[in-house]
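Q: TSV, C-alpha atoms, saved as query_27.tsv, coming up:
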chain	number	residue	atom	x	y	z
A	1408	MET	CA	13.18	6.00	42.32
A	1409	LEU	CA	14.13	2.37	41.80
A	1410	THR	CA	10.51	1.22	42.21
A	1411	ASP	CA	9.48	3.48	39.32
A	1412	LYS	CA	12.33	2.16	37.17
A	1413	ILE	CA	11.32	-1.43	37.92
A	1414	LYS	CA	7.73	-0.68	36.91
A	1415	GLN	CA	8.85	1.02	33.69
A	1416	ALA	CA	11.21	-1.85	32.84
A	1417	LYS	CA	8.35	-4.33	33.25
A	1418	GLN	CA	6.12	-2.29	30.96
A	1419	THR	CA	8.92	-2.07	28.39
A	1420	LEU	CA	9.46	-5.83	28.59
A	1421	ASP	CA	5.76	-6.62	28.17
A	1422	ALA	CA	5.54	-4.38	25.10
A	1423	HIS	CA	8.68	-5.98	23.68
A	1424	VAL	CA	7.27	-9.47	24.25
A	1425	ARG	CA	4.13	-8.53	22.32
A	1426	ASP	CA	6.22	-7.23	19.41
A	1427	ILE	CA	8.45	-10.32	19.31
A	1428	VAL	CA	5.55	-12.78	19.57
A	1429	ASN	CA	3.68	-10.95	16.82
A	1430	TRP	CA	6.80	-11.06	14.64
A	1431	HIS	CA	7.65	-14.74	15.10
A	1432	PHE	CA	4.08	-16.01	14.78
A	1433	ASP	CA	3.16	-13.86	11.77
A	1434	PRO	CA	3.18	-15.97	8.57
A	1435	ALA	CA	4.75	-13.05	6.72
A	1436	THR	CA	7.76	-12.65	9.01
A	1437	GLY	CA	8.08	-15.70	11.29
A	1438	CYS	CA	10.28	-18.76	10.97
A	1439	GLN	CA	9.18	-22.26	9.97
A	1440	PHE	CA	9.67	-23.69	13.46
A	1441	TRP	CA	7.39	-21.26	15.29
A	1442	LEU	CA	4.77	-21.19	12.55
A	1443	GLU	CA	4.53	-24.99	12.65
A	1444	TYR	CA	4.51	-24.88	16.45
A	1445	ALA	CA	1.56	-22.46	16.36
A	1446	ASP	CA	-0.42	-24.88	14.16
A	1447	LYS	CA	-0.36	-27.39	17.06
A	1448	LEU	CA	-1.73	-24.89	19.59
A	1449	ASP	CA	-5.40	-24.37	20.34
A	1450	PHE	CA	-4.88	-20.59	20.53
A	1451	ASP	CA	-3.15	-17.85	18.55
A	1452	PRO	CA	-0.17	-16.56	20.54
A	1453	ARG	CA	-0.55	-13.16	18.88
A	1454	ASN	CA	-3.95	-12.77	20.48
A	1455	GLU	CA	-3.35	-14.40	23.86
A	1456	ILE	CA	0.18	-13.37	24.88
A	1457	GLY	CA	-0.02	-9.86	26.25
A	1458	GLY	CA	3.23	-9.75	28.22
A	1459	TYR	CA	6.12	-11.67	29.68
A	1460	GLU	CA	4.12	-13.72	32.19
A	1461	ASP	CA	1.93	-15.07	29.40
A	1462	LEU	CA	4.93	-16.82	27.81
A	1463	LYS	CA	4.20	-19.66	30.24
A	1464	MET	CA	1.43	-20.60	27.82
A	1465	LEU	CA	4.14	-21.81	25.43
A	1466	GLY	CA	5.87	-24.05	27.96
A	1467	HIS	CA	9.66	-24.34	28.20
A	1468	PHE	CA	11.93	-24.16	25.18
A	1469	GLU	CA	13.47	-27.61	24.71
A	1470	ASP	CA	17.21	-28.19	24.46
A	1471	TYR	CA	16.98	-30.81	21.70
A	1472	TRP	CA	15.15	-28.46	19.32
A	1473	LEU	CA	18.50	-26.83	18.52
A	1474	ARG	CA	20.53	-30.03	18.23
A	1475	GLY	CA	20.63	-31.01	14.56
A	1476	GLY	CA	17.96	-30.77	11.90
A	1477	PRO	CA	17.62	-28.18	9.13
A	1478	VAL	CA	18.92	-24.97	10.67
A	1479	ARG	CA	16.98	-22.86	8.17
A	1480	LYS	CA	13.76	-23.67	10.04
A	1481	TRP	CA	14.91	-20.99	12.51
A	1482	VAL	CA	15.42	-18.24	9.90
A	1483	PRO	CA	12.52	-15.75	9.98
A	1484	LYS	CA	10.96	-15.21	6.57
A	1485	ALA	CA	11.76	-11.51	6.83
A	1486	PHE	CA	15.49	-12.37	6.86
A	1487	GLN	CA	15.59	-15.09	4.21
A	1488	LYS	CA	17.62	-12.94	1.80
A	1489	ASP	CA	20.07	-11.65	4.41
A	1490	PRO	CA	23.52	-13.18	5.01
A	1491	ILE	CA	23.02	-15.80	7.72
A	1492	TYR	CA	25.52	-16.95	10.32
A	1493	VAL	CA	25.22	-20.14	12.32
A	1494	PHE	CA	26.93	-20.35	15.71
A	1495	GLU	CA	27.26	-23.35	17.98
A	1496	THR	CA	27.36	-23.80	21.74
A	1497	GLY	CA	30.39	-25.39	23.35
A	1498	GLY	CA	29.24	-28.96	22.97
A	1499	SER	CA	30.09	-29.88	26.56
A	1500	THR	CA	26.68	-31.51	27.14
A	1501	GLY	CA	26.28	-33.48	23.90
A	1502	VAL	CA	25.68	-32.50	20.30
A	1503	PRO	CA	26.26	-28.73	20.06
A	1504	LYS	CA	23.20	-26.55	19.85
A	1505	ALA	CA	23.13	-24.34	16.74
A	1506	ARG	CA	21.64	-20.87	16.55
A	1507	ILE	CA	21.23	-18.68	13.49
A	1508	ASN	CA	22.31	-15.03	13.57
A	1509	ILE	CA	21.93	-12.17	11.17
A	1510	ARG	CA	23.04	-9.19	13.21
A	1511	ASP	CA	22.22	-10.06	16.82
A	1512	PHE	CA	25.82	-10.71	17.81
A	1513	GLN	CA	26.83	-7.28	16.56
A	1514	THR	CA	23.93	-5.56	18.33
A	1515	ASP	CA	24.66	-7.41	21.59
A	1516	TYR	CA	28.30	-6.33	21.62
A	1517	GLU	CA	27.53	-2.76	20.59
A	1518	LEU	CA	25.22	-2.51	23.61
A	1519	PHE	CA	27.93	-4.05	25.81
A	1520	SER	CA	30.47	-1.58	24.44
A	1521	GLY	CA	28.40	1.21	25.97
A	1522	THR	CA	29.14	-0.20	29.44
A	1523	LEU	CA	32.93	-0.13	29.00
A	1524	SER	CA	35.14	2.68	30.27
A	1525	ASP	CA	36.96	4.63	27.57
A	1526	ALA	CA	39.88	5.00	29.98
A	1527	SER	CA	40.26	1.24	30.39
A	1528	PHE	CA	39.19	0.19	26.90
A	1529	PRO	CA	40.41	3.18	24.86
A	1530	PRO	CA	38.71	3.96	21.55
A	1531	GLY	CA	41.18	3.15	18.80
A	1532	ALA	CA	43.05	0.59	20.92
A	1533	ASP	CA	43.63	-2.88	19.50
A	1534	TRP	CA	42.49	-6.12	21.15
A	1535	LEU	CA	43.79	-9.63	21.71
A	1536	MET	CA	41.13	-12.33	21.76
A	1537	LEU	CA	42.47	-15.40	23.59
A	1538	GLY	CA	39.54	-17.75	23.87
A	1539	PRO	CA	37.34	-20.26	22.02
A	1540	THR	CA	37.19	-19.74	18.25
A	1541	GLY	CA	35.77	-22.06	15.59
A	1542	PRO	CA	31.96	-22.23	15.28
A	1543	ARG	CA	31.27	-20.03	18.32
A	1544	ARG	CA	30.04	-16.50	17.88
A	1545	LEU	CA	32.62	-15.20	20.35
A	1546	ARG	CA	35.38	-14.90	17.77
A	1547	LEU	CA	33.33	-12.66	15.45
A	1548	ALA	CA	31.71	-10.84	18.36
A	1549	ILE	CA	35.01	-9.76	19.92
A	1550	GLU	CA	36.26	-8.66	16.53
A	1551	HIS	CA	33.13	-6.57	16.06
A	1552	LEU	CA	33.50	-5.10	19.55
A	1553	ALA	CA	37.06	-4.03	18.74
A	1554	GLN	CA	36.00	-2.58	15.38
A	1555	HIS	CA	33.02	-0.81	16.95
A	1556	ARG	CA	35.45	0.91	19.31
A	1557	GLY	CA	37.79	1.83	16.47
A	1558	GLY	CA	40.35	-0.92	16.96
A	1559	ILE	CA	41.64	-4.12	15.38
A	1560	SER	CA	41.37	-7.56	16.96
A	1561	PHE	CA	44.16	-10.13	16.94
A	1562	PHE	CA	43.40	-13.83	17.52
A	1563	VAL	CA	44.90	-17.07	18.67
A	1564	ASP	CA	43.36	-20.17	17.13
A	1565	LEU	CA	41.94	-22.31	19.93
A	1566	ASP	CA	39.87	-25.50	19.94
A	1567	PRO	CA	38.27	-26.05	23.38
A	1568	ARG	CA	36.69	-29.31	22.26
A	1569	TRP	CA	40.17	-30.81	21.85
A	1570	VAL	CA	41.05	-29.53	25.33
A	1571	ASN	CA	37.95	-31.26	26.71
A	1572	LYS	CA	38.98	-34.56	25.10
A	1573	LEU	CA	42.45	-34.30	26.64
A	1574	ILE	CA	40.89	-33.77	30.07
A	1575	LYS	CA	38.51	-36.72	29.68
A	1576	ARG	CA	41.44	-38.95	28.70
A	1577	SER	CA	43.59	-37.63	31.58
A	1578	LYS	CA	46.25	-36.50	29.08
A	1579	HIS	CA	47.60	-33.87	31.46
A	1580	GLU	CA	50.99	-33.54	29.77
A	1581	GLU	CA	49.35	-32.97	26.38
A	1582	LEU	CA	46.96	-30.52	27.99
A	1583	GLU	CA	49.87	-28.50	29.37
A	1584	LEU	CA	51.59	-28.59	25.98
A	1585	TYR	CA	48.45	-27.28	24.29
A	1586	LYS	CA	48.08	-24.52	26.88
A	1587	GLU	CA	51.73	-23.61	26.35
A	1588	HIS	CA	51.15	-23.59	22.58
A	1589	VAL	CA	48.21	-21.20	22.96
A	1590	THR	CA	49.82	-18.81	25.45
A	1591	SER	CA	53.09	-18.64	23.50
A	1592	GLN	CA	51.13	-17.46	20.46
A	1593	ALA	CA	49.44	-14.80	22.59
A	1594	LEU	CA	52.82	-13.61	23.87
A	1595	ASN	CA	54.16	-13.33	20.33
A	1596	ILE	CA	51.20	-11.17	19.34
A	1597	LEU	CA	51.48	-8.92	22.41
A	1598	ARG	CA	55.20	-8.37	21.83
A	1599	ALA	CA	54.78	-7.64	18.14
A	1600	HIS	CA	51.87	-5.19	18.31
A	1601	ASP	CA	52.25	-2.38	20.81
A	1602	ASN	CA	48.79	-0.88	20.31
A	1603	ILE	CA	47.06	-3.87	21.94
A	1604	GLN	CA	45.61	-2.42	25.15
A	1605	CYS	CA	42.55	-4.65	25.65
A	1606	ILE	CA	42.16	-8.41	26.07
A	1607	PHE	CA	39.32	-10.87	26.06
A	1608	THR	CA	40.14	-14.23	27.64
A	1609	THR	CA	38.93	-16.89	30.08
A	1610	PRO	CA	40.01	-17.24	33.73
A	1611	LYS	CA	42.26	-20.25	33.13
A	1612	LEU	CA	43.99	-18.69	30.14
A	1613	LEU	CA	44.41	-15.36	31.92
A	1614	GLU	CA	46.18	-17.12	34.76
A	1615	ALA	CA	48.43	-19.00	32.32
A	1616	LEU	CA	49.29	-15.76	30.53
A	1617	CYS	CA	50.08	-13.93	33.77
A	1618	GLU	CA	52.52	-16.67	34.76
A	1619	LYS	CA	54.69	-15.55	31.84
A	1620	ILE	CA	54.26	-11.80	31.55
A	1621	ASP	CA	53.24	-8.62	33.39
A	1622	LEU	CA	50.26	-7.45	31.37
A	1623	ALA	CA	50.32	-3.95	32.87
A	1624	LYS	CA	53.93	-3.51	31.70
A	1625	MET	CA	52.81	-4.65	28.25
A	1626	GLY	CA	50.36	-1.73	28.15
A	1627	ILE	CA	47.15	-3.64	28.83
A	1628	LYS	CA	44.52	-1.36	30.39
A	1629	GLY	CA	41.34	-3.44	30.29
A	1630	ILE	CA	40.52	-7.15	30.49
A	1631	PHE	CA	37.12	-8.52	29.53
A	1632	CYS	CA	36.90	-12.02	31.02
A	1633	GLY	CA	34.21	-14.67	31.00
A	1634	GLY	CA	33.72	-18.36	31.56
A	1635	THR	CA	32.39	-21.07	33.85
A	1636	GLU	CA	35.37	-20.74	36.18
A	1637	MET	CA	34.52	-17.12	36.98
A	1638	ASN	CA	33.61	-16.94	40.67
A	1639	ALA	CA	34.21	-14.68	43.66
A	1640	GLN	CA	37.48	-16.42	44.51
A	1641	PHE	CA	38.92	-15.90	41.03
A	1642	HIS	CA	37.51	-12.36	40.91
A	1643	ARG	CA	39.48	-11.43	44.03
A	1644	PHE	CA	42.57	-13.28	42.78
A	1645	ALA	CA	42.46	-11.42	39.46
A	1646	ARG	CA	42.00	-7.95	40.94
A	1647	GLU	CA	44.48	-8.34	43.79
A	1648	GLU	CA	47.18	-10.62	42.36
A	1649	LEU	CA	46.95	-11.39	38.65
A	1650	VAL	CA	46.20	-7.97	37.15
A	1651	PRO	CA	46.18	-5.27	39.86
A	1652	GLY	CA	45.77	-1.84	38.35
A	1653	ILE	CA	44.08	-3.18	35.21
A	1654	ASP	CA	40.31	-2.78	34.81
A	1655	PHE	CA	38.89	-6.28	35.14
A	1656	VAL	CA	35.40	-6.77	33.68
A	1657	PRO	CA	33.71	-10.16	34.35
A	1658	THR	CA	30.96	-11.15	31.95
A	1659	TYR	CA	28.54	-13.99	31.30
A	1660	GLY	CA	27.52	-14.68	27.76
A	1661	ASN	CA	26.54	-17.50	25.51
A	1662	THR	CA	25.39	-18.19	21.99
A	1663	LEU	CA	21.74	-18.38	22.99
A	1664	MET	CA	21.49	-15.19	25.04
A	1665	GLY	CA	24.00	-12.54	24.12
A	1666	LEU	CA	25.93	-10.85	26.86
A	1667	ALA	CA	25.07	-10.13	30.50
A	1668	VAL	CA	26.92	-7.40	32.36
A	1669	ASN	CA	28.39	-7.51	35.84
A	1670	LYS	CA	27.19	-5.12	38.52
A	1671	PRO	CA	29.76	-2.30	38.78
A	1672	PHE	CA	32.51	-3.38	41.17
A	1673	ASP	CA	31.74	-2.56	44.80
A	1674	PRO	CA	33.99	-3.82	47.64
A	1675	ALA	CA	30.83	-4.17	49.75
A	1676	ASP	CA	29.82	-7.14	47.55
A	1677	ASN	CA	32.89	-9.06	48.77
A	1678	TYR	CA	33.87	-9.87	45.17
A	1679	ALA	CA	30.58	-11.66	44.45
A	1680	ILE	CA	29.81	-11.53	40.74
A	1681	ILE	CA	26.28	-10.35	40.00
A	1682	TYR	CA	25.13	-10.50	36.39
A	1683	TYR	CA	22.22	-8.66	34.78
A	1684	PRO	CA	20.85	-9.68	31.36
A	1685	PRO	CA	20.44	-7.22	28.47
A	1686	ALA	CA	16.69	-6.71	29.01
A	1687	PRO	CA	14.39	-6.60	27.15
A	1688	ARG	CA	16.43	-8.59	24.61
A	1689	ALA	CA	17.04	-11.31	27.20
A	1690	VAL	CA	15.58	-12.13	30.62
A	1691	PHE	CA	16.74	-14.29	33.54
A	1692	GLU	CA	14.41	-16.09	35.90
A	1693	ILE	CA	15.90	-18.00	38.82
A	1694	VAL	CA	13.51	-20.90	39.33
A	1695	ASP	CA	12.97	-23.86	41.60
A	1696	PRO	CA	14.80	-26.80	39.91
A	1697	ASP	CA	11.96	-29.14	40.87
A	1698	ASN	CA	9.23	-26.72	39.82
A	1699	PRO	CA	10.59	-24.48	37.06
A	1700	ASP	CA	7.35	-22.50	36.83
A	1701	GLN	CA	8.07	-21.15	40.33
A	1702	LEU	CA	10.55	-18.35	41.04
A	1703	VAL	CA	12.78	-18.71	44.09
A	1704	GLY	CA	13.00	-15.81	46.54
A	1705	TYR	CA	15.67	-13.12	46.37
A	1706	ASN	CA	19.06	-14.42	47.56
A	1707	GLU	CA	17.81	-18.00	47.24
A	1708	THR	CA	19.44	-20.51	44.90
A	1709	GLY	CA	17.71	-21.76	41.77
A	1710	ARG	CA	18.20	-22.80	38.17
A	1711	VAL	CA	18.61	-20.16	35.47
A	1712	ALA	CA	15.70	-19.98	33.02
A	1713	LEU	CA	16.68	-17.86	30.02
A	1714	THR	CA	14.35	-16.12	27.59
A	1715	THR	CA	15.77	-14.56	24.43
A	1716	LEU	CA	13.59	-12.02	22.64
A	1717	THR	CA	14.94	-10.70	19.35
A	1718	LYS	CA	13.51	-10.64	15.86
A	1719	GLU	CA	16.18	-13.12	14.82
A	1720	PHE	CA	15.67	-15.60	17.65
A	1721	PHE	CA	12.82	-16.32	20.05
A	1722	MET	CA	13.58	-18.73	22.91
A	1723	PRO	CA	11.05	-18.67	25.77
A	1724	ARG	CA	12.01	-19.94	29.24
A	1725	PHE	CA	14.91	-22.24	28.38
A	1726	LEU	CA	16.32	-24.09	31.40
A	1727	GLU	CA	20.06	-23.45	31.34
A	1728	ARG	CA	22.76	-25.75	32.70
A	1729	ASP	CA	23.58	-23.07	35.29
A	1730	GLU	CA	22.35	-22.19	38.76
A	1731	GLY	CA	22.82	-19.18	41.01
A	1732	ASP	CA	21.23	-16.91	43.57
A	1733	ARG	CA	18.43	-14.59	42.52
A	1734	ALA	CA	19.65	-10.99	42.71
A	1735	GLU	CA	17.44	-7.94	43.21
A	1736	PRO	CA	17.11	-5.14	40.65
A	1737	ILE	CA	19.54	-2.21	40.97
A	1738	GLU	CA	19.53	1.36	39.63
A	1739	PRO	CA	21.45	0.70	36.40
A	1740	TYR	CA	19.57	-2.56	35.76
A	1741	PRO	CA	16.04	-2.47	37.25
A	1742	TRP	CA	15.30	-6.15	36.67
A	1743	ASP	CA	16.33	-9.49	38.18
A	1744	GLY	CA	19.93	-10.68	38.00
A	1745	VAL	CA	21.88	-13.70	39.18
A	1746	ARG	CA	24.62	-13.85	41.82
A	1747	ASN	CA	27.37	-16.46	42.06
A	1748	LEU	CA	26.53	-18.18	38.80
A	1749	ARG	CA	27.87	-21.73	38.57
A	1750	LEU	CA	27.34	-25.03	36.81
A	1751	LEU	CA	24.15	-26.80	37.87
A	1752	SER	CA	24.95	-29.06	40.84
A	1753	SER	CA	23.56	-32.15	39.11
A	1754	LEU	CA	25.98	-31.67	36.19
A	1755	GLN	CA	29.18	-30.82	38.03
A	1756	GLN	CA	30.53	-34.38	37.83
A	1757	SER	CA	29.67	-34.93	34.17
A	1758	VAL	CA	30.45	-31.68	32.36
A	1759	VAL	CA	34.00	-30.82	31.31
A	1760	VAL	CA	34.59	-27.06	31.19
A	1761	GLY	CA	38.13	-27.12	29.77
A	1762	VAL	CA	39.55	-23.69	28.96
A	1763	TYR	CA	36.47	-21.92	30.25
How does this structure look as structure tokens?
A:
Amino acid sequence: MLTDKIKQAKQTLDAHVRDIVNWHFDPATGCQFWLEYADKLDFDPRNEIGGYEDLKMLGHFEDYWLRGGPVRKWVPKAFQKDPIYVFETGGSTGVPKARINIRDFQTDYELFSGTLSDASFPPGADWLMLGPTGPRRLRLAIEHLAQHRGGISFFVDLDPRWVNKLIKRSKHEELELYKEHVTSQALNILRAHDNIQCIFTTPKLLEALCEKIDLAKMGIKGIFCGGTEMNAQFHRFAREELVPGIDFVPTYGNTLMGLAVNKPFDPADNYAIIYYPPAPRAVFEIVDPDNPDQLVGYNETGRVALTTLTKEFFMPRFLERDEGDRAEPIEPYPWDGVRNLRLLSSLQQSVVVGVY
């Protein structure tokens, strides 16, 4: 029964929280940031935090903590000798936030791979990644996903920060030229490599690509698509007009969380996109924007509070720039999700989303 699964998921999460808190606040394994943070507390988190709800004792993770400063303060002592990656957020709300990775991005995409259909994303098929590259983890993550499924990933070099500058300066002609430059490279790759059957891209770039080519005739079977512009309207447009007959998989991911999965497509949802985080590695709470310690009710709108819980990165109750409707647990994912995710209302006039 679903109620039993919800109870078990909560127990699993609480146990995972205890393990992660013990790891990050242990002087032998934790990182400089959290060990110094613990010195300022009047309690030992390892003794007092017994489950997810107790994370409130640590307050909300602050945005500016990840903007600048020595990035090695985030590297757990247990991983000091491992190869370390640093990935940045998009930079659409100021100085990019930077997050260290050792293997989290590979683990996240291996878990996501298990949700993909072998018919639509065939093992051994090659991929085209048409999306943000540079300092984002997405470029390496898609490549790992392709490799994990036995394929090779092809790329188009793309700088979304330049796109954002063009938009801010109202350089619409240059913007169209850049979009043409990017999509023409993608077309060259698709025409030259006939084993490409899977694509990752963003809604805007998918639409631009479909204006030039029939992806089904090119042999594309599955499209993994994510970005701020992903909404019910685009979801319907993609399935019914852009890529009918191709498996269309909406996703929500970012550098700080990993990758959320969409509820399996059901016409009864009227194309609403409902995301569930990869618990217990990450958790969504949909909270009252004016009182972020308070959850909103199911189907009510609130701000997304994200908690990331891995041995590489601990981020409790970070208030995202997104809002959405709190979604109830379902059989495959017996924990809270978010429906109709979108940019926070207060930011919609100030944030440029560019190619996303």
Q: Which value, in Å to one decimal, gives the distance between CA of Lys1575 (chain A) and CA of Arg1474 (chain A)?
A: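 Those two atoms sit 22.3 Å apart.
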Q: For region 1708-1720 of chain A, list every protein, DNA or RNA residue within 6 Å, evaluated using only C-alpha atoms, and leave out those in the same chain fewer than 6 positions away; present the list as a PyMOL selection string.
A: chain A and resi 1664+1688-1696+1726-1727+1729-1732
Q: Rounded to one decimal in Å, what is the spacing between CA of Lys1417 (chain A) and CA of Trp1742 (chain A)?
A: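 Between CA of Lys1417 (chain A) and CA of Trp1742 (chain A) the gap is 8.0 Å.
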Q: With all atoms listed in the file as the atoms that count, which of A:Trp1481, A:Phe1561, A:Tyr1659, A:Phe1468 lies nearest to Gln1439 (chain A)?
A: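 Of the candidates, the smallest distance to Gln1439 (chain A) is held by A:Trp1481.
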Q: Which polymer residues have any atom within 6 Å of an atom of region 1666-1682 of chain A, counting only C-alpha atoms, with same-chain residues fewer than 4 positions away left out, as a compact mmCIF listing (two decimals) with C-alpha atoms, keeping the file's coordinate frame?
A:
# COMPACT_ATOMS: atom_id res chain seq x y z
CA ALA A 1639 34.21 -14.68 43.66
CA ARG A 1643 39.48 -11.43 44.03
CA THR A 1658 30.96 -11.15 31.95
CA TYR A 1659 28.54 -13.99 31.30
CA GLY A 1660 27.52 -14.68 27.76
CA GLY A 1744 19.93 -10.68 38.00
CA VAL A 1745 21.88 -13.70 39.18
CA ARG A 1746 24.62 -13.85 41.82
CA ASN A 1747 27.37 -16.46 42.06
Q: Just the number, please: distance in Å from CA of Ala1505 (chain A) to CA of Val1493 (chain A), one decimal.
A: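 Interatomic distance here is 6.4 Å.
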Q: Calculated over all atoms listed in the file, which of the candidates A:Glu1738, A:Asp1426, A:Glu1707, A:Asp1451 has the smallest distance to Met1408 (chain A)?
A: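 Closest candidate: A:Glu1738.
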Q: Show me, as a tab-separated table, the residues of region 1625-1658 of chain A having an atom within 12 Å of region 1534-1558 of chain A, each with the closest atom pair and its distance in Å, using all atoms listed in the file.
A:
residue	atom	partner	partner_atom	distance
A:Gly1626	CA	A:Trp1534	CA	11.4
A:Ile1627	CA	A:Trp1534	CA	9.3
A:Lys1628	CA	A:Trp1534	CA	10.6
A:Gly1629	CA	A:Trp1534	CA	9.6
A:Ile1630	CA	A:Trp1534	CA	9.6
A:Phe1631	CA	A:Met1536	CA	9.5
A:Cys1632	CA	A:Gly1538	CA	9.5
A:Gly1633	CA	A:Gly1538	CA	9.4
A:Gly1634	CA	A:Gly1538	CA	9.7
Q: When you look at Asp1461 (chain A) with a cut-off of 10 Å (counting all atoms listed in the file), what residues show up, excluding the ones that are within fewer than 6 positions of it in the same chain? I need them as a list in words.
A: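 Residues meeting the cut-off are Asp1421, Val1424, Arg1425, Pro1452 and Glu1455 of chain A.
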Q: Which is closest to Lys1480 (chain A) among A:Arg1453, A:Arg1749, A:His1431, A:His1467, if we use only C-alpha atoms?
A: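 Distance minimum relative to Lys1480 (chain A) lands on A:His1431.
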